[in-house]
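Everything on this sheet refers to the single structure shown next.
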2 protein chains.
Amino acid sequence: MTGWITVAGLGPGAEALVTPEVTAALAEATDIVGYIPYVARVAPRPGLVLHPSDNRVELDRAQAALDMARAGRRVVIVSSGDPGVFAMASALFEALETRPDCHDLDIRILPGITAMLAAAARAGAPLGHDFCAINLSDNLKPFAEVERRLRHAAQGGFAMAFYNPRSRSRPHQFARVLEILREECEGARLILFARAVTTPEERIETVTLAEAMPEMADMRTVVIVGNSATRRVGRWVYTPRSVEGAV
Amino acid sequence: MTGWITVAGLGPGAEALVTPEVTAALAEATDIVGYIPYVARVAPRPGLVLHPSDNRVELDRAQAALDMARAGRRVVIVSSGDPGVFAMASALFEALETRPDCHDLDIRILPGITAMLAAAARAGAPLGHDFCAINLSDNLKPFAEVERRLRHAAQGGFAMAFYNPRSRSRPHQFARVLEILREECEGARLILFARAVTTPEERIETVTLAEAMPEMADMRTVVIVGNSATRRVGRWVYTPRSVEGAV
């Protein structure tokens with residue numbers, strides 16, 4: 001049997017957002033590898049081995065997947081959202097760098113609906129103009145780098161989407177993010193808190209930056225900050241396609 | 001009959017990347033509205049009226065969709081990729097601002113696989129760390145604003161994805177974009193040209209910034225510029241999850 005690894009994006013939660021390409025890969029797999037809640041989204045069946053693992057063991061998980069594929073297993077590493085956005089695809093390639101014996105493996109990355117785009121769709125079109133995606137976690141970069149990027153994004157007139165905005169281990173940092181945004185942006189700037197998008201627990205709240213409070217975000221929340229033109233129309237929030245001065 | 005409007009993302013091209021949610025909406029529609037090549041992706045069937053229109057008439061198209069839904073039709077506006085990323089969702093809300101009579105309409109935005117994420121997946125994981133998405137077209141913003149954003153994105157250490165990098169009407173501007181990038185980034189920086197991703201015409205090429213030439217891009221190309229840590233492993237290109245200095 002020829003082994004392979006596919007890194008598949010399961011989308012934000014709803015089954016109707018899983019692409020047929022990902023569904024087909026899951027149907028062909030012998031092994032599913034991933035963070036516990038994502039593996040739990042894959043239906044068990046005879047002949048399919050589930051390998052749920054804890055958070056923050058991405059490299060161990062990637063190494064295990066490489067070992068299994070090398071041994072002839074058909075391995076799907078599942079990510080929520082899109083595997084290339086703050087998820088398992090980069091971790092797999094980091095592991096692959098240390099494994100020249102695996103460079104000839106059959107590896108595929110299957111895109112998924114990433115959380116910021118699902119959240120944007122539910123709210124309207126807040127990312128309809130140039131935007132940035134920033135991982136606020138400081139597990140993998142110093143917070144000073146987060147701050148520097150926030151200021152460039154704000155000064156550049158980008159809308160912003162924040163992943164991993166707040167966790168129990170660093171509750172103070174998102175408060176600091178809001179302070180930085182208030183230094184760079186006007187108080188009327190719109191900010192969306194989109195939690196557990198497309199699941200039964202979905203909650204989407206839009207407030208002004210002046211009204212925003214750190215407690216509005218947790219690790220299941222994607223936060224979207226509009227640009228200076230982002231506005232409400234009816235129950236929707238959107239960012240116009242053009243900026244002033246356009247011809 | 002109660003009318004509605006759904007703005008649906010068809011993804012980058014492959015049918016296997018169309019979400020079941022979008023497929024279901026297309027099956028319920030009475031009318032399909034959109035740019036000619038996107039409407040051509042919807043299979044004709046009895047009772048379904050196709051309304052293909054030319055590029056650059058987004059607001060007219062949105063107004064026509066509002067009129068039809070108001071009259072009880074079930075209208076799907078199709079976008080390629082994701083409708084919220086430089087596509088029809090914002091145009092619909094711009095039209096809606098002028099139509100208070102339509103604020104109570106049933107409107108849904110259905111996300112899709114946007115081109116930069118499909119391109120990233122085919123190449124590896126070049127957007128695995130913080131990144132920006134920038135529309136290089138100056139139809140809707142002055143080119144000076146593009147330049148300002150490029151410099152902030154580069155100085156902020158973001159990877160970048162460019163939509164609409166080059167067209168026949170402004171062939172010189174992408175050359176200028178490459179000049180700006182060369183002022184801000186080292187010559188060894190990796191840059192990907194991903195054309196017609198997931199279609200039979202797909203072509204993905206990775207070069208260094210020093211080697212990049214304007215002719216490598218056209219309007220069917222998404223361009224991805226890595227950050228300073230983006231590297232090759234085997235046949236793949238990826239951006240590590242961490243930056244130096246991370247704890």
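FYI, nothing fancy with the structure tokens labels: chains A, B, ... in order, residues from 1 per chain, ligands from 1 as they appear.
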
Over every C-alpha pair, in sequence order, do a least-squares fit of chain B onto chain A and save the fitted chain as an mmCIF file with C-alpha atoms, in the first residue's frame.
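Contents of superposed.cif, as written:
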```cif
data_model
loop_
_atom_site.group_PDB
_atom_site.id
_atom_site.type_symbol
_atom_site.label_atom_id
_atom_site.label_comp_id
_atom_site.auth_asym_id
_atom_site.auth_seq_id
_atom_site.Cartn_x
_atom_site.Cartn_y
_atom_site.Cartn_z
ATOM 1 C CA MET B 1 -0.033 0.009 0.022
ATOM 2 C CA THR B 2 1.274 3.450 -0.838
ATOM 3 C CA GLY B 3 0.917 5.855 2.013
ATOM 4 C CA TRP B 4 0.046 9.497 1.817
ATOM 5 C CA ILE B 5 -0.655 12.542 3.971
ATOM 6 C CA THR B 6 -3.423 15.010 3.342
ATOM 7 C CA VAL B 7 -3.837 18.087 5.502
ATOM 8 C CA ALA B 8 -7.517 18.936 5.280
ATOM 9 C CA GLY B 9 -9.454 21.999 6.361
ATOM 10 C CA LEU B 10 -12.806 21.115 7.942
ATOM 11 C CA GLY B 11 -14.086 24.690 7.782
ATOM 12 C CA PRO B 12 -15.465 26.604 10.775
ATOM 13 C CA GLY B 13 -17.979 24.025 12.014
ATOM 14 C CA ALA B 14 -21.029 23.501 9.807
ATOM 15 C CA GLU B 15 -20.976 20.294 7.751
ATOM 16 C CA ALA B 16 -22.388 22.239 4.779
ATOM 17 C CA LEU B 17 -19.077 24.123 4.624
ATOM 18 C CA VAL B 18 -16.876 21.020 4.283
ATOM 19 C CA THR B 19 -15.726 20.825 0.647
ATOM 20 C CA PRO B 20 -16.407 17.636 -1.365
ATOM 21 C CA GLU B 21 -12.634 17.337 -1.823
ATOM 22 C CA VAL B 22 -12.149 17.057 1.931
ATOM 23 C CA THR B 23 -15.091 14.667 2.324
ATOM 24 C CA ALA B 24 -13.526 12.394 -0.323
ATOM 25 C CA ALA B 25 -10.135 12.442 1.409
ATOM 26 C CA LEU B 26 -11.712 11.505 4.748
ATOM 27 C CA ALA B 27 -13.496 8.591 3.046
ATOM 28 C CA GLU B 28 -10.180 7.212 1.743
ATOM 29 C CA ALA B 29 -8.198 7.633 4.946
ATOM 30 C CA THR B 30 -6.988 4.885 7.251
ATOM 31 C CA ASP B 31 -5.905 7.323 9.968
ATOM 32 C CA ILE B 32 -7.141 10.701 11.216
ATOM 33 C CA VAL B 33 -4.711 12.859 13.164
ATOM 34 C CA GLY B 34 -5.421 16.167 14.896
ATOM 35 C CA TYR B 35 -6.467 18.235 17.855
ATOM 36 C CA ILE B 36 -9.157 16.467 19.914
ATOM 37 C CA PRO B 37 -12.212 18.602 18.960
ATOM 38 C CA TYR B 38 -11.337 18.468 15.252
ATOM 39 C CA VAL B 39 -10.880 14.683 15.183
ATOM 40 C CA ALA B 40 -14.244 14.453 16.978
ATOM 41 C CA ARG B 41 -15.850 15.976 13.875
ATOM 42 C CA VAL B 42 -14.908 12.912 11.783
ATOM 43 C CA ALA B 43 -17.453 10.068 11.850
ATOM 44 C CA PRO B 44 -15.918 6.785 13.065
ATOM 45 C CA ARG B 45 -16.125 3.776 10.717
ATOM 46 C CA PRO B 46 -14.578 0.283 10.610
ATOM 47 C CA GLY B 47 -10.970 0.437 9.471
ATOM 48 C CA LEU B 48 -10.498 4.085 10.397
ATOM 49 C CA VAL B 49 -8.132 4.813 13.275
ATOM 50 C CA LEU B 50 -8.616 8.101 15.102
ATOM 51 C CA HIS B 51 -5.563 9.745 16.716
ATOM 52 C CA PRO B 52 -6.781 12.727 18.717
ATOM 53 C CA SER B 53 -4.081 14.727 20.468
ATOM 54 C CA ASP B 54 -3.891 17.790 22.661
ATOM 55 C CA ASN B 55 -3.243 21.348 21.628
ATOM 56 C CA ARG B 56 0.368 22.607 21.343
ATOM 57 C CA VAL B 57 1.773 19.280 20.160
ATOM 58 C CA GLU B 58 1.627 20.179 16.483
ATOM 59 C CA LEU B 59 5.171 19.034 15.659
ATOM 60 C CA ASP B 60 4.792 15.683 17.431
ATOM 61 C CA ARG B 61 1.527 15.155 15.573
ATOM 62 C CA ALA B 62 3.166 15.981 12.248
ATOM 63 C CA GLN B 63 6.069 13.593 12.932
ATOM 64 C CA ALA B 64 3.640 10.805 13.824
ATOM 65 C CA ALA B 65 1.734 11.434 10.592
ATOM 66 C CA LEU B 66 4.980 11.252 8.573
ATOM 67 C CA ASP B 67 5.868 7.954 10.257
ATOM 68 C CA MET B 68 2.475 6.460 9.508
ATOM 69 C CA ALA B 69 2.451 7.554 5.854
ATOM 70 C CA ARG B 70 5.995 6.217 5.450
ATOM 71 C CA ALA B 71 4.658 2.888 6.730
ATOM 72 C CA GLY B 72 1.941 2.881 4.050
ATOM 73 C CA ARG B 73 -0.999 4.418 5.917
ATOM 74 C CA ARG B 74 -3.344 6.972 4.342
ATOM 75 C CA VAL B 75 -3.286 9.798 6.830
ATOM 76 C CA VAL B 76 -5.513 12.855 7.024
ATOM 77 C CA ILE B 77 -4.395 15.585 9.391
ATOM 78 C CA VAL B 78 -7.492 17.612 10.197
ATOM 79 C CA SER B 79 -7.516 21.321 10.945
ATOM 80 C CA SER B 80 -10.493 23.500 11.598
ATOM 81 C CA GLY B 81 -10.963 26.296 9.072
ATOM 82 C CA ASP B 82 -8.182 26.313 6.478
ATOM 83 C CA PRO B 83 -5.058 24.263 7.240
ATOM 84 C CA GLY B 84 -2.793 26.975 5.828
ATOM 85 C CA VAL B 85 -4.044 29.757 8.148
ATOM 86 C CA PHE B 86 -2.485 29.428 11.627
ATOM 87 C CA ALA B 87 -3.005 25.680 11.486
ATOM 88 C CA MET B 88 -1.363 22.328 10.709
ATOM 89 C CA ALA B 89 0.029 22.812 7.184
ATOM 90 C CA SER B 90 3.033 24.887 8.291
ATOM 91 C CA ALA B 91 3.650 22.514 11.196
ATOM 92 C CA LEU B 92 3.808 19.581 8.770
ATOM 93 C CA PHE B 93 6.384 21.346 6.590
ATOM 94 C CA GLU B 94 8.422 22.273 9.668
ATOM 95 C CA ALA B 95 8.499 18.575 10.554
ATOM 96 C CA LEU B 96 9.285 17.666 6.939
ATOM 97 C CA GLU B 97 12.411 19.856 7.045
ATOM 98 C CA THR B 98 13.884 17.480 9.617
ATOM 99 C CA ARG B 99 12.890 14.396 7.587
ATOM 100 C CA PRO B 100 14.653 14.175 4.212
ATOM 101 C CA ASP B 101 13.512 10.519 4.127
ATOM 102 C CA CYS B 102 9.955 11.823 3.681
ATOM 103 C CA HIS B 103 10.498 14.401 0.919
ATOM 104 C CA ASP B 104 9.169 12.021 -1.736
ATOM 105 C CA LEU B 105 5.935 11.322 0.170
ATOM 106 C CA ASP B 106 2.586 12.045 -1.475
ATOM 107 C CA ILE B 107 1.464 15.154 0.408
ATOM 108 C CA ARG B 108 -1.583 17.273 -0.350
ATOM 109 C CA ILE B 109 -2.990 20.348 1.357
ATOM 110 C CA LEU B 110 -6.769 20.770 0.946
ATOM 111 C CA PRO B 111 -8.086 24.270 1.617
ATOM 112 C CA GLY B 112 -11.100 24.983 3.788
ATOM 113 C CA ILE B 113 -13.338 27.883 4.750
ATOM 114 C CA THR B 114 -11.258 29.819 7.247
ATOM 115 C CA ALA B 115 -12.966 31.355 10.281
ATOM 116 C CA MET B 116 -12.505 35.010 9.297
ATOM 117 C CA LEU B 117 -14.273 34.486 5.964
ATOM 118 C CA ALA B 118 -17.140 32.538 7.542
ATOM 119 C CA ALA B 119 -17.488 35.257 10.181
ATOM 120 C CA ALA B 120 -17.341 38.006 7.567
ATOM 121 C CA ALA B 121 -20.068 36.288 5.524
ATOM 122 C CA ARG B 122 -22.368 35.984 8.550
ATOM 123 C CA ALA B 123 -21.904 39.668 9.391
ATOM 124 C CA GLY B 124 -21.981 41.065 5.851
ATOM 125 C CA ALA B 125 -18.725 41.950 4.104
ATOM 126 C CA PRO B 126 -16.363 43.594 6.595
ATOM 127 C CA LEU B 127 -13.312 42.248 4.706
ATOM 128 C CA GLY B 128 -14.445 43.630 1.343
ATOM 129 C CA HIS B 129 -11.353 45.822 1.001
ATOM 130 C CA ASP B 130 -7.642 45.222 1.751
ATOM 131 C CA PHE B 131 -7.174 43.366 5.034
ATOM 132 C CA CYS B 132 -4.694 41.584 7.314
ATOM 133 C CA ALA B 133 -4.935 38.352 9.259
ATOM 134 C CA ILE B 134 -3.011 38.349 12.529
ATOM 135 C CA ASN B 135 -2.572 35.563 15.068
ATOM 136 C CA LEU B 136 -2.663 37.300 18.452
ATOM 137 C CA SER B 137 -1.216 34.345 20.319
ATOM 138 C CA ASP B 138 2.269 34.968 21.632
ATOM 139 C CA ASN B 139 3.078 31.252 21.806
ATOM 140 C CA LEU B 140 5.071 31.583 18.603
ATOM 141 C CA LYS B 141 6.073 35.228 18.484
ATOM 142 C CA PRO B 142 6.913 37.943 21.011
ATOM 143 C CA PHE B 143 4.028 40.253 21.857
ATOM 144 C CA ALA B 144 6.132 43.232 20.728
ATOM 145 C CA GLU B 145 5.870 41.812 17.214
ATOM 146 C CA VAL B 146 2.066 41.639 17.536
ATOM 147 C CA GLU B 147 2.028 45.283 18.597
ATOM 148 C CA ARG B 148 4.278 46.337 15.690
ATOM 149 C CA ARG B 149 2.010 44.571 13.199
ATOM 150 C CA LEU B 150 -1.152 46.043 14.671
ATOM 151 C CA ARG B 151 0.234 49.544 14.204
ATOM 152 C CA HIS B 152 1.325 48.900 10.613
ATOM 153 C CA ALA B 153 -2.054 47.349 9.796
ATOM 154 C CA ALA B 154 -3.938 50.287 11.302
ATOM 155 C CA GLN B 155 -1.718 52.940 9.757
ATOM 156 C CA GLY B 156 -1.909 51.172 6.393
ATOM 157 C CA GLY B 157 -5.708 51.420 6.417
ATOM 158 C CA PHE B 158 -6.221 47.663 6.464
ATOM 159 C CA ALA B 159 -9.228 45.938 7.959
ATOM 160 C CA MET B 160 -7.985 43.245 10.342
ATOM 161 C CA ALA B 161 -8.954 39.753 11.397
ATOM 162 C CA PHE B 162 -7.547 38.370 14.652
ATOM 163 C CA TYR B 163 -7.187 34.664 15.349
ATOM 164 C CA ASN B 164 -6.656 33.326 18.882
ATOM 165 C CA PRO B 165 -7.420 36.713 20.422
ATOM 166 C CA ARG B 166 -7.568 35.666 24.051
ATOM 167 C CA SER B 167 -6.873 32.686 26.254
ATOM 168 C CA ARG B 168 -6.995 31.918 29.951
ATOM 169 C CA SER B 169 -3.181 31.926 30.114
ATOM 170 C CA ARG B 170 -2.871 35.486 28.746
ATOM 171 C CA PRO B 171 -6.127 37.333 29.453
ATOM 172 C CA HIS B 172 -4.390 40.717 29.709
ATOM 173 C CA GLN B 173 -3.007 40.793 26.180
ATOM 174 C CA PHE B 174 -6.251 41.330 24.350
ATOM 175 C CA ALA B 175 -6.916 44.334 26.607
ATOM 176 C CA ARG B 176 -3.563 45.690 25.433
ATOM 177 C CA VAL B 177 -4.552 45.020 21.800
ATOM 178 C CA LEU B 178 -7.677 47.142 22.287
ATOM 179 C CA GLU B 179 -5.547 49.920 23.812
ATOM 180 C CA ILE B 180 -3.216 49.901 20.825
ATOM 181 C CA LEU B 181 -6.154 50.001 18.422
ATOM 182 C CA ARG B 182 -7.623 52.959 20.320
ATOM 183 C CA GLU B 183 -4.327 54.800 19.939
ATOM 184 C CA GLU B 184 -4.320 54.182 16.186
ATOM 185 C CA CYS B 185 -8.016 54.292 15.222
ATOM 186 C CA GLU B 186 -11.059 56.484 15.919
ATOM 187 C CA GLY B 187 -13.474 55.373 18.642
ATOM 188 C CA ALA B 188 -16.335 54.906 16.172
ATOM 189 C CA ARG B 189 -14.420 52.195 14.299
ATOM 190 C CA LEU B 190 -16.556 49.045 14.058
ATOM 191 C CA ILE B 191 -15.295 45.817 15.605
ATOM 192 C CA LEU B 192 -16.966 42.396 15.342
ATOM 193 C CA PHE B 193 -16.718 39.555 17.805
ATOM 194 C CA ALA B 194 -17.701 36.339 16.053
ATOM 195 C CA ARG B 195 -17.766 33.283 18.306
ATOM 196 C CA ALA B 196 -18.157 29.647 17.190
ATOM 197 C CA VAL B 197 -19.285 30.744 13.748
ATOM 198 C CA THR B 198 -21.690 28.393 11.893
ATOM 199 C CA THR B 199 -22.122 26.190 14.979
ATOM 200 C CA PRO B 200 -25.190 26.074 17.268
ATOM 201 C CA GLU B 201 -23.240 28.254 19.729
ATOM 202 C CA GLU B 202 -22.659 31.004 17.174
ATOM 203 C CA ARG B 203 -22.758 34.527 18.577
ATOM 204 C CA ILE B 204 -21.861 37.605 16.540
ATOM 205 C CA GLU B 205 -21.722 41.029 18.084
ATOM 206 C CA THR B 206 -20.717 44.307 16.453
ATOM 207 C CA VAL B 207 -19.744 47.271 18.605
ATOM 208 C CA THR B 208 -17.607 50.381 18.238
ATOM 209 C CA LEU B 209 -13.994 50.290 19.274
ATOM 210 C CA ALA B 210 -14.918 52.674 22.110
ATOM 211 C CA GLU B 211 -17.450 50.133 23.395
ATOM 212 C CA ALA B 212 -15.287 47.007 22.940
ATOM 213 C CA MET B 213 -14.319 45.094 26.078
ATOM 214 C CA PRO B 214 -11.694 42.352 26.414
ATOM 215 C CA GLU B 215 -14.287 39.896 27.757
ATOM 216 C CA MET B 216 -16.082 39.954 24.404
ATOM 217 C CA ALA B 217 -13.425 37.583 23.006
ATOM 218 C CA ASP B 218 -12.246 34.105 23.906
ATOM 219 C CA MET B 219 -10.270 31.420 22.061
ATOM 220 C CA ARG B 220 -13.315 30.416 19.988
ATOM 221 C CA THR B 221 -13.758 33.998 18.776
ATOM 222 C CA VAL B 222 -12.511 35.586 15.594
ATOM 223 C CA VAL B 223 -12.339 39.360 15.892
ATOM 224 C CA ILE B 224 -12.698 41.573 12.821
ATOM 225 C CA VAL B 225 -11.809 45.259 12.936
ATOM 226 C CA GLY B 226 -13.109 47.317 10.039
ATOM 227 C CA ASN B 227 -11.213 50.062 8.263
ATOM 228 C CA SER B 228 -12.226 53.711 8.626
ATOM 229 C CA ALA B 229 -14.945 53.328 5.973
ATOM 230 C CA THR B 230 -16.567 50.184 7.415
ATOM 231 C CA ARG B 231 -20.209 50.897 8.148
ATOM 232 C CA ARG B 232 -23.608 49.424 8.952
ATOM 233 C CA VAL B 233 -26.434 49.030 6.466
ATOM 234 C CA GLY B 234 -29.588 47.585 8.004
ATOM 235 C CA ARG B 235 -28.504 44.600 10.110
ATOM 236 C CA TRP B 236 -25.275 44.197 8.113
ATOM 237 C CA VAL B 237 -21.704 45.463 8.421
ATOM 238 C CA TYR B 238 -19.622 45.993 5.324
ATOM 239 C CA THR B 239 -16.503 47.662 4.010
ATOM 240 C CA PRO B 240 -16.930 49.509 0.720
ATOM 241 C CA ARG B 241 -14.807 48.384 -2.216
ATOM 242 C CA SER B 242 -13.390 51.828 -2.875
ATOM 243 C CA VAL B 243 -11.502 54.422 -0.866
ATOM 244 C CA GLU B 244 -11.852 58.170 -1.242
ATOM 245 C CA GLY B 245 -9.722 59.579 -4.011
ATOM 246 C CA ALA B 246 -10.329 56.633 -6.334
ATOM 247 C CA VAL B 247 -10.724 57.588 -9.971
#
```

(message) Which of range 5-180 of chain A end up as strand (DSSP E) when DSSP is run on this backbone - answer as a VMD selection string?
(response) chain A and resid 5 to 9 31 to 35 49 to 53 74 to 79 106 to 110 124 to 125 131 to 135 159 to 163

(request) Write out as an NGL selection string all residues of range 114-247 of chain B that backbone DSSP assigns to helix (DSSP H, G or I). (result) :B and (115-123 or 143-155 or 171-184 or 214-216)
